[in-house]
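See below for the structure under consideration.
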Amino acid sequence: MEHHHKKGEWNSSFGFLMAAVGSAVGLGNLWAFPYKMGKNGGFAFLLIYLILVATVGIVICLTELSLGRKTGKGVVAAYESISKKYSFVGWFAWISPMLIMGFYCMLGGYCLKYAVANLGDLFGASWGVNGADSSEYFSSFFTDQVQTSIFTLIIVALTVVIVMGGVAKGIERFSTIAMPALFVMMVIIIIRSVTMDGASEGLSFVFKPNFEVFRGTGWISVLASAGGQMFFSLSLGMGITVTYGSYMKKTESLQRNAFLIPIADTIVAVMAACAIMPAVFASGLNPGQGPSLLFVTLQTVFQAMGSIGPFFGFLLYFLVFIAAITSSIALLEAASAVIMDKQIEKGKQHNRKMVCLLIGLFVAAEGVFVSLDGLGANGFPQILGQGCWLDTFDLISEGVLMPLGALITALIFGWFKTGKEFTDDEIALDQGGFRIRRYYHFCLRWIVPVILLLVLLGQISTFFGLDWF
Ligand code: PHE
């Protein structure tokens, strides 16, 4: 054995799967997918989404996992092992988590705040929502610089503590408990939601096939929206899957996991739609996406449920909190692994705790900064035409660096001589060999780059309100 797994190794297949699914399942599944699916053709959107998962999601997932396991390195060193000249792709994938972590922890903090507030209501405590108008409650919360900063810092601290614990003892152990718990909570909420009077309208919003949306050039926008959603939801193009792959045992099947992770992520997204939309429609509210769906619309739903409302409220916000934290630990691990590799390269003993702590401090500063900005409501100067600093960080990462990095990755692995068959031998270690080899290479060459280009253009168009599609 060479110097593989210096930084850690997963204990069990199940533990790895929970950690990987945990990194993928996040706010994207919960607050974006249900609405996008409903708006973009319901079942028709789901079909497109599944095709994209099969031809793009699974393919990039396999590329990233195998790159990680073959090199045993974090994302920068992993790309450098293909060729020194690709080191910039690795750095793209390092900058993104560094930028995303700050606001992701802030949003995780919002979830924690709402879980606590619903708990307060359950006990009739003064720190509950206490029947306040949910829209006013939300705006007074997100503009409250002290409260949002504190909740953000709690999430940053939790993330740092878990990642400091190491791959198996920290990340895997936490995910092995948290992800099944998330699943159970989700099932309970679905049962409540679909049995509400008028729930069927919500189900038909989500599932009713509407092929009209494909008319004319409509299909391009559906494709861009489904592609962007899939890409973000699977946490691709940002080093996470490479890093998590680097801790896999050689006996683990890469192909099987590259299939299971996207499928599980998609199942959770569809489950989220069944948990959220029926309740929203049954309460006579309009769906939407993003923070207002989660923190205004759903809070209104829980308040309308009567005395049991705070219980379901707590359950839902706690669930989203778990989804957020398993993603933020993945972000921190991916960013930290790069720095630990640098220490190892210099022949030093890597210092996980110190690296996590230092990056944690940086993230804390970032998180407090976006908290002070208060989603753009606190009068901070803004740049790049965005309404708040969260969007600015998101634009640079999710809007540009992630799709661009993944596009270049697809070209490296699909077309360029140095990278074309770089991980084939690694994937061939799977039992039964590299069974999907031809399929994989076909998709990587002809489908993935086209879709990623579309995602990139779609993102730029959305961030700058250009309405290209
Ligand atoms: N995949 C996560 C989601 O669906 C988001 C995420 C993206 C998390 C990138 C970490 C990194 O919400």
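To be explicit about the labels: the chains of the structure tokens are called A, B, and onward in the order shown, and within each one the residues are counted from 1, while ligands get numbers from 1 in the order they are shown.
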
Within 8 Å of ligand 1 (only C-alpha atoms and all ligand atoms), residues as a PyMOL selection string = chain A and resi 23-30+97+100-101+104+229+232-236+238+240+323-324+327-328+330-331+398

Kindly provide the residues of region 331-419 of chain A that approach region 92-96 of chain A to within 12 Å, each paired with its closest atom pair and their distance in Å to one decimal, based on only C-alpha atoms, listed by chain and increasing number, as CSV.
```
residue,atom,partner,partner_atom,distance
A:Leu331,CA,A:Ser96,CA,8.9
A:Leu332,CA,A:Trp94,CA,10.1
A:Glu333,CA,A:Trp94,CA,10.6
A:Ala334,CA,A:Trp94,CA,7.4
A:Ala335,CA,A:Trp94,CA,5.7
A:Ser336,CA,A:Trp94,CA,9.1
A:Ala337,CA,A:Trp94,CA,9.6
A:Val338,CA,A:Trp94,CA,7.5
A:Ile339,CA,A:Trp94,CA,9.8
A:Ile359,CA,A:Trp94,CA,11.8
A:Thr392,CA,A:Ser96,CA,12.0
A:Phe393,CA,A:Ser96,CA,8.6
A:Asp394,CA,A:Ser96,CA,8.6
A:Leu395,CA,A:Ser96,CA,10.0
A:Ile396,CA,A:Ser96,CA,7.6
A:Ser397,CA,A:Ser96,CA,4.7
A:Glu398,CA,A:Ser96,CA,7.3
A:Gly399,CA,A:Ser96,CA,10.0
A:Val400,CA,A:Ser96,CA,9.4
A:Leu401,CA,A:Phe92,CA,5.8
A:Met402,CA,A:Ala93,CA,6.7
A:Pro403,CA,A:Ala93,CA,10.0
A:Leu404,CA,A:Phe92,CA,8.6
A:Gly405,CA,A:Phe92,CA,6.3
A:Ala406,CA,A:Ala93,CA,8.9
A:Leu407,CA,A:Phe92,CA,11.7
A:Ile408,CA,A:Phe92,CA,10.6
A:Thr409,CA,A:Ala93,CA,10.7
```

List the spatial neighbours of Ile451 (chain A) as a PDB file with C-alpha atoms, in the first residue's frame - criterion: any atom at most 9 Å away, only C-alpha atoms, same-chain residues fewer than 4 positions off excluded.
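Wrote it out as around08.pdb, contents follow:
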```pdb
ATOM      1  CA  LEU A  52     -29.927  13.708 -16.507  1.00  0.00           C
ATOM      2  CA  VAL A  56     -24.642  13.141 -16.280  1.00  0.00           C
ATOM      3  CA  LEU A 223     -33.199  21.181 -19.338  1.00  0.00           C
ATOM      4  CA  ALA A 224     -31.122  24.043 -17.924  1.00  0.00           C
ATOM      5  CA  GLY A 227     -29.437  20.262 -15.039  1.00  0.00           C
ATOM      6  CA  LEU A 407     -17.104  21.253 -17.626  1.00  0.00           C
ATOM      7  CA  ILE A 447     -23.638  14.380 -23.222  1.00  0.00           C
ATOM      8  CA  VAL A 455     -25.996  24.680 -16.880  1.00  0.00           C
ATOM      9  CA  LEU A 456     -23.248  27.299 -16.918  1.00  0.00           C
TER      10      LEU A 456
END
```

Counting only C-alpha atoms, what is within 6 Å of region 111-116 of chain A, bar same-chain residues fewer than 6 positions away, as a ChimeraX atom specification?
-> /A:314,317-318,321

Selected residue of minimal separation from Leu294 (chain A) among A:Gly57, A:Gly433, A:Gly8, A:Gly108, counting only C-alpha atoms =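 Smallest separation from Leu294 (chain A) among the options: A:Gly108.
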
Could you list, with a cut-off of 9 Å and counting only C-alpha atoms, the residues of region 233-345 of chain A near region 77-81 of chain A, each shown with its nearest atom pair and the distance in Å rounded to one decimal, rows sorted by chain and ascending number, as a tab-separated table?
```
residue	atom	partner	partner_atom	distance
A:Val242	CA	A:Ala78	CA	7.9
A:Thr243	CA	A:Ala78	CA	8.9
A:Val338	CA	A:Ala77	CA	7.2
A:Asp341	CA	A:Ala77	CA	7.1
A:Lys342	CA	A:Ala77	CA	8.3
```

Fewer than 5 positions away in the same chain doesn't count, so skip those; otherwise give me all residues within 12 Å of Tyr49 (chain A), counting only C-alpha atoms, as a PyMOL selection string.
-> chain A and resi 33+36-37+40-44+54-57+222-231+233+262-263+265-267+269-270+451

Output of the above residues as a compact mmCIF listing (two decimals), in the first residue's frame, restricted to N, CA, C and O atoms:
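Output file result10.txt is given in full below:
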```txt
# COMPACT_ATOMS: atom_id res chain seq x y z
N PHE A 33 -36.01 21.77 -5.11
CA PHE A 33 -36.53 20.72 -5.98
C PHE A 33 -38.06 20.66 -6.05
O PHE A 33 -38.62 20.63 -7.15
N LYS A 36 -39.35 23.54 -8.20
CA LYS A 36 -38.91 23.45 -9.59
C LYS A 36 -39.66 22.36 -10.33
O LYS A 36 -40.04 22.52 -11.48
N MET A 37 -39.86 21.25 -9.63
CA MET A 37 -40.56 20.15 -10.26
C MET A 37 -41.99 20.57 -10.60
O MET A 37 -42.46 20.35 -11.71
N ASN A 40 -41.99 23.25 -13.48
CA ASN A 40 -41.43 22.88 -14.78
C ASN A 40 -41.98 21.61 -15.39
O ASN A 40 -41.26 20.89 -16.07
N GLY A 41 -43.22 21.31 -15.11
CA GLY A 41 -43.82 20.19 -15.81
C GLY A 41 -44.10 18.96 -14.97
O GLY A 41 -44.47 17.92 -15.51
N GLY A 42 -43.93 19.06 -13.66
CA GLY A 42 -44.30 17.94 -12.79
C GLY A 42 -43.59 16.66 -13.14
O GLY A 42 -42.37 16.59 -13.18
N PHE A 43 -44.38 15.65 -13.43
CA PHE A 43 -43.81 14.35 -13.75
C PHE A 43 -42.88 14.43 -14.97
O PHE A 43 -41.87 13.73 -15.03
N ALA A 44 -43.23 15.30 -15.91
CA ALA A 44 -42.38 15.48 -17.09
C ALA A 44 -40.99 15.97 -16.69
O ALA A 44 -39.97 15.52 -17.23
N ALA A 54 -29.03 9.88 -14.87
CA ALA A 54 -28.45 8.68 -15.46
C ALA A 54 -27.29 8.99 -16.40
O ALA A 54 -26.30 8.26 -16.44
N THR A 55 -27.40 10.09 -17.15
CA THR A 55 -26.38 10.35 -18.17
C THR A 55 -25.31 11.34 -17.73
O THR A 55 -24.24 11.40 -18.32
N VAL A 56 -25.61 12.14 -16.71
CA VAL A 56 -24.64 13.14 -16.28
C VAL A 56 -24.25 12.95 -14.81
O VAL A 56 -23.08 12.85 -14.47
N GLY A 57 -25.25 12.87 -13.94
CA GLY A 57 -24.99 12.79 -12.50
C GLY A 57 -24.15 11.59 -12.13
O GLY A 57 -23.10 11.72 -11.49
N VAL A 222 -36.24 24.02 -19.43
CA VAL A 222 -36.47 22.89 -18.52
C VAL A 222 -35.16 22.13 -18.31
O VAL A 222 -34.78 21.78 -17.19
N LEU A 223 -34.46 21.92 -19.40
CA LEU A 223 -33.20 21.18 -19.34
C LEU A 223 -32.16 21.94 -18.50
O LEU A 223 -31.46 21.34 -17.67
N ALA A 224 -32.09 23.25 -18.69
CA ALA A 224 -31.12 24.04 -17.92
C ALA A 224 -31.48 24.03 -16.45
O ALA A 224 -30.61 23.90 -15.58
N SER A 225 -32.77 24.13 -16.17
CA SER A 225 -33.18 24.16 -14.78
C SER A 225 -32.99 22.80 -14.10
O SER A 225 -32.48 22.73 -12.97
N ALA A 226 -33.36 21.73 -14.81
CA ALA A 226 -33.16 20.39 -14.25
C ALA A 226 -31.67 20.09 -14.10
O ALA A 226 -31.23 19.52 -13.09
N GLY A 227 -30.88 20.50 -15.08
CA GLY A 227 -29.44 20.26 -15.04
C GLY A 227 -28.78 20.99 -13.88
O GLY A 227 -27.98 20.42 -13.14
N GLY A 228 -29.13 22.26 -13.71
CA GLY A 228 -28.56 23.04 -12.62
C GLY A 228 -28.93 22.46 -11.27
O GLY A 228 -28.09 22.34 -10.37
N GLN A 229 -30.18 22.09 -11.16
CA GLN A 229 -30.67 21.50 -9.91
C GLN A 229 -29.92 20.21 -9.59
O GLN A 229 -29.45 20.01 -8.47
N MET A 230 -29.80 19.35 -10.59
CA MET A 230 -29.14 18.06 -10.37
C MET A 230 -27.69 18.26 -9.95
O MET A 230 -27.20 17.63 -9.02
N PHE A 231 -27.04 19.16 -10.66
CA PHE A 231 -25.63 19.41 -10.42
C PHE A 231 -25.38 19.89 -8.99
O PHE A 231 -24.52 19.38 -8.28
N SER A 233 -27.51 19.68 -6.46
CA SER A 233 -28.03 18.73 -5.50
C SER A 233 -27.04 17.59 -5.22
O SER A 233 -26.97 17.08 -4.11
N PRO A 262 -26.57 9.20 -6.25
CA PRO A 262 -27.55 10.03 -6.96
C PRO A 262 -29.00 9.53 -6.82
O PRO A 262 -29.92 10.34 -6.72
N ILE A 263 -29.17 8.21 -6.80
CA ILE A 263 -30.53 7.69 -6.67
C ILE A 263 -31.12 8.06 -5.30
O ILE A 263 -32.24 8.54 -5.20
N ASP A 265 -30.25 10.50 -3.40
CA ASP A 265 -30.46 11.94 -3.36
C ASP A 265 -31.77 12.31 -4.06
O ASP A 265 -32.53 13.16 -3.59
N THR A 266 -32.03 11.65 -5.18
CA THR A 266 -33.26 11.94 -5.93
C THR A 266 -34.49 11.48 -5.14
O THR A 266 -35.51 12.18 -5.11
N ILE A 267 -34.38 10.32 -4.51
CA ILE A 267 -35.51 9.83 -3.71
C ILE A 267 -35.84 10.83 -2.59
O ILE A 267 -37.00 11.19 -2.38
N ALA A 269 -35.27 14.00 -2.62
CA ALA A 269 -35.85 15.20 -3.23
C ALA A 269 -37.33 15.00 -3.52
O ALA A 269 -38.17 15.87 -3.24
N VAL A 270 -37.68 13.84 -4.05
CA VAL A 270 -39.09 13.57 -4.36
C VAL A 270 -39.89 13.43 -3.05
O VAL A 270 -41.01 13.93 -2.94
N ILE A 451 -24.52 19.37 -21.54
CA ILE A 451 -25.40 19.72 -20.43
C ILE A 451 -24.72 20.72 -19.49
O ILE A 451 -25.33 21.69 -19.03
```
